Number of protein chains: 2
Amino acid sequence: MLSKTCEYALRAMIYIAQHSKDGQMVSIKEISEKISSPELFVGKILQGLSKQGFLQSSKGRYGGFYIDEKDAKRSLADIVIAIDGDKMFKGCGVGLDYCSEKKPCPIHAEYKQARATLYKIYKSATLEQFKALRPDEVIMLKRN
Amino acid sequence: MLSKTCEYALRAMIYIAQHSKDGQMVSIKEISEKISSPELFVGKILQGLSKQGFLQSSKGRYGGFYIDEKDAKRSLADIVIAIDGDKMFKGCGVGLDYCSEKKPCPIHAEYKQARATLYKIYKSATLEQFKALRPDEVIMLKRN
DNA sequence: TTTAATTCAGATAAACTTGTCTGAATTAAA
DNA sequence: TTTAATTCAGACAAGTTTATCTGAATTAAA
């Protein structure tokens, strides 16, 4: 459902949120290692998100990325939509352009409901929540 | 969520199911026109589904595709899985490999539930249901 | 038996997504 | 002020999905 790009983005953002303590910047190198993802590609993704104001970045030595308390309140839905658009939360479940309330396909009502639930789930999840995990709850962001 | 290929497949299968009356074959040409999709591409897709036993095909003049009553009972979920695989119904909502019951991500439980609901929706929808529509319920399969 | 209309099979091409390279700009520390 | 470490920007490359081309095989009808 999420593109690979979007999954990288979420994992990277979660890692940065978890490691943004007292102004310490997190470098792309560190991030990509810790979430096992292609360094330059994740760099690009974060540059985009940074331009859109989802996180702070600073150039130069000891530079990197940072997510402050305010930005950590952003929902996963916002990030998903910034990258994949809202197609995941929109449209007919069968891919019919002309499916509507007036001419619903057989799964229209249920699908619409399921879609709304999905959106609610992503919308109410925040980066903050991943910072607040107890040590025994901490989740591996790596692959493999 | 569904790939383009899968959407073509569903729309084509629905069209064929709706027009498979008393042994009459439906040609790729007719199908692709009626659902406005690339003819040769939909041809390929249907060839694959036909090999997998989702519908009948016959070569030669007056040949084409056909969905009998038994095959019309197949669920949309089966077709989706045959084409896109089951990734839509599996895995973590954040894309975490190590998210599990034991170490759930913050949205694990809700997402799992939503995913299951989605599967149920596709699993209980059949091609048959699209044949049974009353005239005023009939849905446009075309684009544009 | 010939012809025309079709599916089938495999190769090729175009478009999109994912990933890499290169060099410039920036910044903190030595 | 120089150096080393970083992000940034734009071009490039590889991989995947979507779409097309070509010719062969098949079949019903003329």
# chains A, B, ... in the order shown; residues from 1 in each chain; ligands from 1

$ calpha_fit_and_write --fixed "chain B" --moving "chain A" --output "mmCIF file with C-alpha atoms, in the first residue's frame"
data_model
loop_
_atom_site.group_PDB
_atom_site.id
_atom_site.type_symbol
_atom_site.label_atom_id
_atom_site.label_comp_id
_atom_site.auth_asym_id
_atom_site.auth_seq_id
_atom_site.Cartn_x
_atom_site.Cartn_y
_atom_site.Cartn_z
ATOM 1 C CA MET A 1 -3.675 0.249 -3.440
ATOM 2 C CA LEU A 2 -4.474 -1.940 -6.446
ATOM 3 C CA SER A 3 -1.964 -1.847 -9.291
ATOM 4 C CA LYS A 4 -3.149 -0.535 -12.624
ATOM 5 C CA THR A 5 -2.814 -4.048 -13.999
ATOM 6 C CA CYS A 6 -5.118 -5.312 -11.275
ATOM 7 C CA GLU A 7 -7.718 -2.634 -11.932
ATOM 8 C CA TYR A 8 -7.745 -3.534 -15.622
ATOM 9 C CA ALA A 9 -8.139 -7.154 -14.641
ATOM 10 C CA LEU A 10 -11.101 -6.508 -12.368
ATOM 11 C CA ARG A 11 -12.871 -4.261 -14.831
ATOM 12 C CA ALA A 12 -12.286 -6.717 -17.659
ATOM 13 C CA MET A 13 -13.455 -9.674 -15.600
ATOM 14 C CA ILE A 14 -16.572 -7.792 -14.530
ATOM 15 C CA TYR A 15 -17.345 -6.900 -18.137
ATOM 16 C CA ILE A 16 -16.860 -10.461 -19.305
ATOM 17 C CA ALA A 17 -18.977 -11.849 -16.478
ATOM 18 C CA GLN A 18 -21.744 -9.417 -17.328
ATOM 19 C CA HIS A 19 -21.666 -10.376 -21.014
ATOM 20 C CA SER A 20 -21.146 -14.118 -20.850
ATOM 21 C CA LYS A 21 -24.574 -15.294 -21.875
ATOM 22 C CA ASP A 22 -25.358 -18.695 -23.400
ATOM 23 C CA GLY A 23 -21.849 -19.556 -24.528
ATOM 24 C CA GLN A 24 -21.264 -16.281 -26.389
ATOM 25 C CA MET A 25 -17.576 -15.376 -26.307
ATOM 26 C CA VAL A 26 -16.418 -11.847 -25.618
ATOM 27 C CA SER A 27 -13.420 -10.610 -27.604
ATOM 28 C CA ILE A 28 -10.483 -8.612 -26.242
ATOM 29 C CA LYS A 29 -11.301 -5.933 -28.760
ATOM 30 C CA GLU A 30 -14.795 -5.512 -27.398
ATOM 31 C CA ILE A 31 -13.633 -5.648 -23.792
ATOM 32 C CA SER A 32 -10.865 -3.106 -24.188
ATOM 33 C CA GLU A 33 -13.204 -0.724 -25.969
ATOM 34 C CA LYS A 34 -15.916 -1.038 -23.393
ATOM 35 C CA ILE A 35 -13.644 -0.567 -20.414
ATOM 36 C CA SER A 36 -11.325 1.852 -22.282
ATOM 37 C CA SER A 37 -8.058 0.108 -21.710
ATOM 38 C CA PRO A 38 -5.080 -0.839 -23.884
ATOM 39 C CA GLU A 39 -6.188 -3.829 -25.934
ATOM 40 C CA LEU A 40 -2.971 -5.819 -26.098
ATOM 41 C CA PHE A 41 -2.179 -5.241 -22.452
ATOM 42 C CA VAL A 42 -5.560 -6.419 -21.253
ATOM 43 C CA GLY A 43 -5.131 -9.351 -23.598
ATOM 44 C CA LYS A 44 -1.969 -10.334 -21.776
ATOM 45 C CA ILE A 45 -3.599 -9.964 -18.385
ATOM 46 C CA LEU A 46 -6.538 -12.135 -19.371
ATOM 47 C CA GLN A 47 -4.240 -14.765 -20.858
ATOM 48 C CA GLY A 48 -2.588 -15.024 -17.469
ATOM 49 C CA LEU A 49 -5.852 -15.271 -15.581
ATOM 50 C CA SER A 50 -7.129 -17.794 -18.072
ATOM 51 C CA LYS A 51 -4.079 -19.997 -17.517
ATOM 52 C CA GLN A 52 -4.785 -19.811 -13.805
ATOM 53 C CA GLY A 53 -8.340 -20.944 -14.422
ATOM 54 C CA PHE A 54 -10.210 -17.760 -13.628
ATOM 55 C CA LEU A 55 -11.994 -17.802 -16.968
ATOM 56 C CA GLN A 56 -12.300 -19.750 -20.201
ATOM 57 C CA SER A 57 -10.806 -18.718 -23.488
ATOM 58 C CA SER A 58 -11.165 -20.007 -27.018
ATOM 59 C CA LYS A 59 -8.947 -19.224 -29.948
ATOM 60 C CA GLY A 60 -9.784 -18.655 -33.574
ATOM 61 C CA ARG A 61 -12.603 -16.862 -35.306
ATOM 62 C CA TYR A 62 -15.503 -16.001 -33.030
ATOM 63 C CA GLY A 63 -13.243 -16.885 -30.158
ATOM 64 C CA GLY A 64 -12.799 -14.850 -27.027
ATOM 65 C CA PHE A 65 -13.285 -15.099 -23.290
ATOM 66 C CA TYR A 66 -16.048 -16.490 -21.195
ATOM 67 C CA ILE A 67 -16.911 -16.686 -17.521
ATOM 68 C CA ASP A 68 -19.332 -19.420 -16.583
ATOM 69 C CA GLU A 69 -21.542 -19.526 -13.518
ATOM 70 C CA LYS A 70 -19.005 -21.347 -11.449
ATOM 71 C CA ASP A 71 -16.192 -18.925 -12.233
ATOM 72 C CA ALA A 72 -18.482 -15.968 -11.613
ATOM 73 C CA LYS A 73 -18.596 -17.093 -8.006
ATOM 74 C CA ARG A 74 -14.905 -16.296 -7.609
ATOM 75 C CA SER A 75 -14.170 -13.465 -5.239
ATOM 76 C CA LEU A 76 -12.440 -10.221 -6.136
ATOM 77 C CA ALA A 77 -9.872 -11.096 -3.461
ATOM 78 C CA ASP A 78 -8.803 -14.178 -5.430
ATOM 79 C CA ILE A 79 -8.233 -12.088 -8.538
ATOM 80 C CA VAL A 80 -6.432 -9.351 -6.637
ATOM 81 C CA ILE A 81 -4.107 -11.869 -5.034
ATOM 82 C CA ALA A 82 -3.506 -13.656 -8.339
ATOM 83 C CA ILE A 83 -2.205 -10.398 -9.783
ATOM 84 C CA ASP A 84 -0.858 -8.179 -7.010
ATOM 85 C CA GLY A 85 -0.087 -10.856 -4.470
ATOM 86 C CA ASP A 86 -1.314 -10.542 -0.901
ATOM 87 C CA LYS A 87 0.849 -7.623 0.200
ATOM 88 C CA MET A 88 -2.246 -5.470 0.404
ATOM 89 C CA PHE A 89 -3.607 -7.744 3.094
ATOM 90 C CA LYS A 90 -0.349 -8.423 4.915
ATOM 91 C CA GLY A 91 2.398 -6.642 6.810
ATOM 92 C CA CYS A 92 2.928 -3.681 9.086
ATOM 93 C CA GLY A 93 1.184 -0.382 8.395
ATOM 94 C CA VAL A 94 4.434 1.502 8.838
ATOM 95 C CA GLY A 95 6.491 -0.961 6.808
ATOM 96 C CA LEU A 96 8.426 -2.352 9.756
ATOM 97 C CA ASP A 97 9.785 -5.862 9.272
ATOM 98 C CA TYR A 98 10.066 -6.499 12.966
ATOM 99 C CA CYS A 99 6.630 -5.350 14.008
ATOM 100 C CA SER A 100 4.786 -8.259 15.573
ATOM 101 C CA GLU A 101 2.309 -9.224 18.230
ATOM 102 C CA LYS A 102 5.159 -9.332 20.706
ATOM 103 C CA LYS A 103 6.714 -6.026 19.647
ATOM 104 C CA PRO A 104 3.849 -4.142 18.068
ATOM 105 C CA CYS A 105 4.260 -0.705 16.530
ATOM 106 C CA PRO A 106 1.863 1.932 17.830
ATOM 107 C CA ILE A 107 -0.727 1.251 15.154
ATOM 108 C CA HIS A 108 -0.286 -2.521 15.011
ATOM 109 C CA ALA A 109 -3.562 -3.729 16.478
ATOM 110 C CA GLU A 110 -5.829 -1.253 14.723
ATOM 111 C CA TYR A 111 -4.068 -1.654 11.409
ATOM 112 C CA LYS A 112 -4.282 -5.419 11.568
ATOM 113 C CA GLN A 113 -7.980 -5.153 12.189
ATOM 114 C CA ALA A 114 -8.470 -2.704 9.300
ATOM 115 C CA ARG A 115 -6.500 -4.973 6.984
ATOM 116 C CA ALA A 116 -8.649 -7.942 7.935
ATOM 117 C CA THR A 117 -11.783 -5.952 7.240
ATOM 118 C CA LEU A 118 -10.445 -4.972 3.847
ATOM 119 C CA TYR A 119 -9.728 -8.595 3.021
ATOM 120 C CA LYS A 120 -13.199 -9.614 4.116
ATOM 121 C CA ILE A 121 -14.692 -6.995 1.807
ATOM 122 C CA TYR A 122 -12.817 -8.256 -1.261
ATOM 123 C CA LYS A 123 -13.272 -11.867 -0.269
ATOM 124 C CA SER A 124 -17.019 -11.669 0.002
ATOM 125 C CA ALA A 125 -17.465 -9.713 -3.234
ATOM 126 C CA THR A 126 -18.010 -11.856 -6.322
ATOM 127 C CA LEU A 127 -18.178 -11.231 -10.047
ATOM 128 C CA GLU A 128 -21.714 -12.572 -9.900
ATOM 129 C CA GLN A 129 -22.752 -9.572 -7.835
ATOM 130 C CA PHE A 130 -21.884 -7.316 -10.740
ATOM 131 C CA LYS A 131 -24.111 -9.347 -13.051
ATOM 132 C CA ALA A 132 -27.057 -9.091 -10.712
ATOM 133 C CA LEU A 133 -27.238 -5.296 -10.686
ATOM 134 C CA ARG A 134 -30.592 -3.789 -11.581
ATOM 135 C CA PRO A 135 -30.504 -1.625 -14.741
ATOM 136 C CA ASP A 136 -30.503 1.576 -12.690
ATOM 137 C CA GLU A 137 -27.591 0.270 -10.691
ATOM 138 C CA VAL A 138 -25.374 -0.644 -13.608
ATOM 139 C CA ILE A 139 -21.986 0.932 -13.319
ATOM 140 C CA MET A 140 -19.891 2.470 -16.039
ATOM 141 C CA LEU A 141 -16.717 0.444 -16.534
ATOM 142 C CA LYS A 142 -15.257 2.984 -18.933
ATOM 143 C CA ARG A 143 -12.890 5.714 -18.034
ATOM 144 C CA ASN A 144 -13.597 9.314 -19.040
#

$ select_by_dssp --residues "chain B" --states "strand (DSSP E or B)" --output "ChimeraX atom specification"
/B:26,56-58,64-66,75,126

$ closest_atom_pairs --of "chain D" --to "chain B" --cutoff "12 Å" --atoms "only C-alpha atoms (C1' of nucleotides)" --output "tab-separated table"
residue	atom	partner	partner_atom	distance
D:DT17	C1'	B:Thr5	CA	8.6
D:DT18	C1'	B:Thr5	CA	7.7
D:DA19	C1'	B:Phe41	CA	6.1
D:DT20	C1'	B:Leu40	CA	7.2
D:DC21	C1'	B:Leu40	CA	9.6
D:DA25	C1'	B:Lys59	CA	8.7
D:DT26	C1'	B:Gly60	CA	4.9
D:DT27	C1'	B:Gly60	CA	3.9
D:DA28	C1'	B:Arg61	CA	5.5
D:DA29	C1'	B:Arg61	CA	8.5

$ select_by_dssp --residues "stretch 24-142 of chain A" --states "helix (DSSP H, G or I)" --output "PyMOL selection string"
chain A and resi 28-34+39-51+71-73+76-84+87-89+108-124+127-131+135-137

$ residues_around --residues "C:DT3" --least-positions-apart "2" --cutoff "10 Å" --atoms "only C-alpha atoms (C1' of nucleotides)" --output "list in words"
DT1 and DA5 of chain C; DA29 and DA30 of chain D

$ atom_distance --atom1 "atom C1' of D:DT16" --atom2 "atom C1' of C:DT22"
25.7 Å

$ residues_around --residues "D:DA14" --least-positions-apart "5" --cutoff "12 Å" --atoms "only C-alpha atoms (C1' of nucleotides)" --output "number ranges by chain"
C: 17-20

$ decode --residues "stretch 86-127 of chain A" --atoms "N, CA and C atoms" --output "mmCIF file, in the first residue's frame"
data_model
loop_
_atom_site.group_PDB
_atom_site.id
_atom_site.type_symbol
_atom_site.label_atom_id
_atom_site.label_comp_id
_atom_site.auth_asym_id
_atom_site.auth_seq_id
_atom_site.Cartn_x
_atom_site.Cartn_y
_atom_site.Cartn_z
ATOM 1 N N ASP A 86 -2.838 11.140 -1.736
ATOM 2 C CA ASP A 86 -3.923 10.595 -0.908
ATOM 3 C C ASP A 86 -4.659 9.439 -1.579
ATOM 4 N N LYS A 87 -4.087 8.898 -2.642
ATOM 5 C CA LYS A 87 -4.795 7.834 -3.363
ATOM 6 C C LYS A 87 -5.140 6.652 -2.469
ATOM 7 N N MET A 88 -4.313 6.442 -1.464
ATOM 8 C CA MET A 88 -4.567 5.327 -0.550
ATOM 9 C C MET A 88 -5.864 5.532 0.226
ATOM 10 N N PHE A 89 -6.234 6.787 0.392
ATOM 11 C CA PHE A 89 -7.422 7.076 1.194
ATOM 12 C C PHE A 89 -8.618 7.500 0.352
ATOM 13 N N LYS A 90 -8.455 7.423 -0.953
ATOM 14 C CA LYS A 90 -9.495 7.900 -1.874
ATOM 15 C C LYS A 90 -9.861 6.839 -2.902
ATOM 16 N N GLY A 91 -10.991 7.027 -3.553
ATOM 17 C CA GLY A 91 -11.322 6.231 -4.735
ATOM 18 C C GLY A 91 -12.038 4.920 -4.462
ATOM 19 N N CYS A 92 -12.479 4.325 -5.562
ATOM 20 C CA CYS A 92 -13.261 3.093 -5.526
ATOM 21 C C CYS A 92 -12.360 1.883 -5.283
ATOM 22 N N GLY A 93 -12.858 0.920 -4.559
ATOM 23 C CA GLY A 93 -12.088 -0.275 -4.231
ATOM 24 C C GLY A 93 -11.871 -1.194 -5.408
ATOM 25 N N VAL A 94 -12.633 -0.982 -6.477
ATOM 26 C CA VAL A 94 -12.493 -1.809 -7.665
ATOM 27 C C VAL A 94 -11.779 -1.014 -8.769
ATOM 28 N N GLY A 95 -11.555 0.263 -8.513
ATOM 29 C CA GLY A 95 -10.888 1.110 -9.491
ATOM 30 C C GLY A 95 -11.836 1.707 -10.514
ATOM 31 N N LEU A 96 -13.107 1.798 -10.170
ATOM 32 C CA LEU A 96 -14.086 2.341 -11.111
ATOM 33 C C LEU A 96 -14.203 3.851 -10.968
ATOM 34 N N ASP A 97 -14.024 4.558 -12.083
ATOM 35 C CA ASP A 97 -14.097 6.018 -12.049
ATOM 36 C C ASP A 97 -15.500 6.508 -11.739
ATOM 37 N N TYR A 98 -16.483 5.741 -12.198
ATOM 38 C CA TYR A 98 -17.850 6.222 -12.090
ATOM 39 C C TYR A 98 -18.615 5.627 -10.929
ATOM 40 N N CYS A 99 -17.902 5.054 -9.986
ATOM 41 C CA CYS A 99 -18.550 4.560 -8.780
ATOM 42 C C CYS A 99 -18.788 5.761 -7.872
ATOM 43 N N SER A 100 -19.984 5.863 -7.361
ATOM 44 C CA SER A 100 -20.338 7.019 -6.527
ATOM 45 C C SER A 100 -21.468 6.640 -5.588
ATOM 46 N N GLU A 101 -21.820 7.588 -4.748
ATOM 47 C CA GLU A 101 -22.943 7.352 -3.839
ATOM 48 C C GLU A 101 -24.185 6.987 -4.635
ATOM 49 N N LYS A 102 -24.366 7.683 -5.740
ATOM 50 C CA LYS A 102 -25.574 7.485 -6.544
ATOM 51 C C LYS A 102 -25.558 6.165 -7.292
ATOM 52 N N LYS A 103 -24.385 5.807 -7.813
ATOM 53 C CA LYS A 103 -24.225 4.539 -8.538
ATOM 54 C C LYS A 103 -23.095 3.749 -7.899
ATOM 55 N N PRO A 104 -23.349 3.217 -6.729
ATOM 56 C CA PRO A 104 -22.273 2.543 -5.996
ATOM 57 C C PRO A 104 -21.979 1.157 -6.547
ATOM 58 N N CYS A 105 -20.709 0.778 -6.557
ATOM 59 C CA CYS A 105 -20.368 -0.605 -6.892
ATOM 60 C C CYS A 105 -20.744 -1.464 -5.690
ATOM 61 N N PRO A 106 -20.756 -2.768 -5.869
ATOM 62 C CA PRO A 106 -21.208 -3.644 -4.782
ATOM 63 C C PRO A 106 -20.452 -3.495 -3.467
ATOM 64 N N ILE A 107 -19.206 -3.065 -3.520
ATOM 65 C CA ILE A 107 -18.486 -2.944 -2.246
ATOM 66 C C ILE A 107 -18.345 -1.494 -1.785
ATOM 67 N N HIS A 108 -19.019 -0.589 -2.476
ATOM 68 C CA HIS A 108 -18.814 0.842 -2.226
ATOM 69 C C HIS A 108 -18.879 1.254 -0.751
ATOM 70 N N ALA A 109 -20.002 0.971 -0.124
ATOM 71 C CA ALA A 109 -20.222 1.470 1.233
ATOM 72 C C ALA A 109 -19.199 0.915 2.219
ATOM 73 N N GLU A 110 -19.002 -0.406 2.153
ATOM 74 C CA GLU A 110 -18.060 -1.018 3.102
ATOM 75 C C GLU A 110 -16.645 -0.519 2.859
ATOM 76 N N TYR A 111 -16.281 -0.420 1.586
ATOM 77 C CA TYR A 111 -14.922 -0.007 1.262
ATOM 78 C C TYR A 111 -14.668 1.417 1.748
ATOM 79 N N LYS A 112 -15.641 2.262 1.523
ATOM 80 C CA LYS A 112 -15.511 3.658 1.943
ATOM 81 C C LYS A 112 -15.262 3.739 3.448
ATOM 82 N N GLN A 113 -16.021 2.942 4.151
ATOM 83 C CA GLN A 113 -15.882 2.888 5.604
ATOM 84 C C GLN A 113 -14.479 2.413 6.003
ATOM 85 N N ALA A 114 -14.012 1.347 5.339
ATOM 86 C CA ALA A 114 -12.702 0.775 5.665
ATOM 87 C C ALA A 114 -11.587 1.787 5.398
ATOM 88 N N ARG A 115 -11.733 2.486 4.294
ATOM 89 C CA ARG A 115 -10.786 3.527 3.890
ATOM 90 C C ARG A 115 -10.729 4.628 4.942
ATOM 91 N N ALA A 116 -11.892 5.024 5.427
ATOM 92 C CA ALA A 116 -11.955 6.085 6.426
ATOM 93 C C ALA A 116 -11.282 5.636 7.719
ATOM 94 N N THR A 117 -11.495 4.400 8.064
ATOM 95 C CA THR A 117 -10.851 3.845 9.260
ATOM 96 C C THR A 117 -9.338 3.887 9.105
ATOM 97 N N LEU A 118 -8.877 3.466 7.957
ATOM 98 C CA LEU A 118 -7.450 3.454 7.666
ATOM 99 C C LEU A 118 -6.878 4.870 7.827
ATOM 100 N N TYR A 119 -7.572 5.838 7.265
ATOM 101 C CA TYR A 119 -7.098 7.211 7.365
ATOM 102 C C TYR A 119 -7.021 7.642 8.825
ATOM 103 N N LYS A 120 -8.072 7.300 9.566
ATOM 104 C CA LYS A 120 -8.103 7.675 10.978
ATOM 105 C C LYS A 120 -6.895 7.098 11.714
ATOM 106 N N ILE A 121 -6.556 5.865 11.389
ATOM 107 C CA ILE A 121 -5.420 5.205 12.038
ATOM 108 C C ILE A 121 -4.125 5.985 11.787
ATOM 109 N N TYR A 122 -3.863 6.310 10.529
ATOM 110 C CA TYR A 122 -2.634 7.047 10.202
ATOM 111 C C TYR A 122 -2.683 8.486 10.724
ATOM 112 N N LYS A 123 -3.888 9.035 10.728
ATOM 113 C CA LYS A 123 -4.017 10.429 11.139
ATOM 114 C C LYS A 123 -3.809 10.599 12.638
ATOM 115 N N SER A 124 -4.182 9.594 13.394
ATOM 116 C CA SER A 124 -4.046 9.764 14.841
ATOM 117 C C SER A 124 -2.714 9.215 15.367
ATOM 118 N N ALA A 125 -1.915 8.636 14.474
ATOM 119 C CA ALA A 125 -0.583 8.185 14.904
ATOM 120 C C ALA A 125 0.432 9.294 14.685
ATOM 121 N N THR A 126 1.257 9.550 15.693
ATOM 122 C CA THR A 126 2.258 10.614 15.575
ATOM 123 C C THR A 126 3.671 10.057 15.757
ATOM 124 N N LEU A 127 4.639 10.819 15.322
ATOM 125 C CA LEU A 127 6.035 10.440 15.504
ATOM 126 C C LEU A 127 6.357 10.339 16.992
#
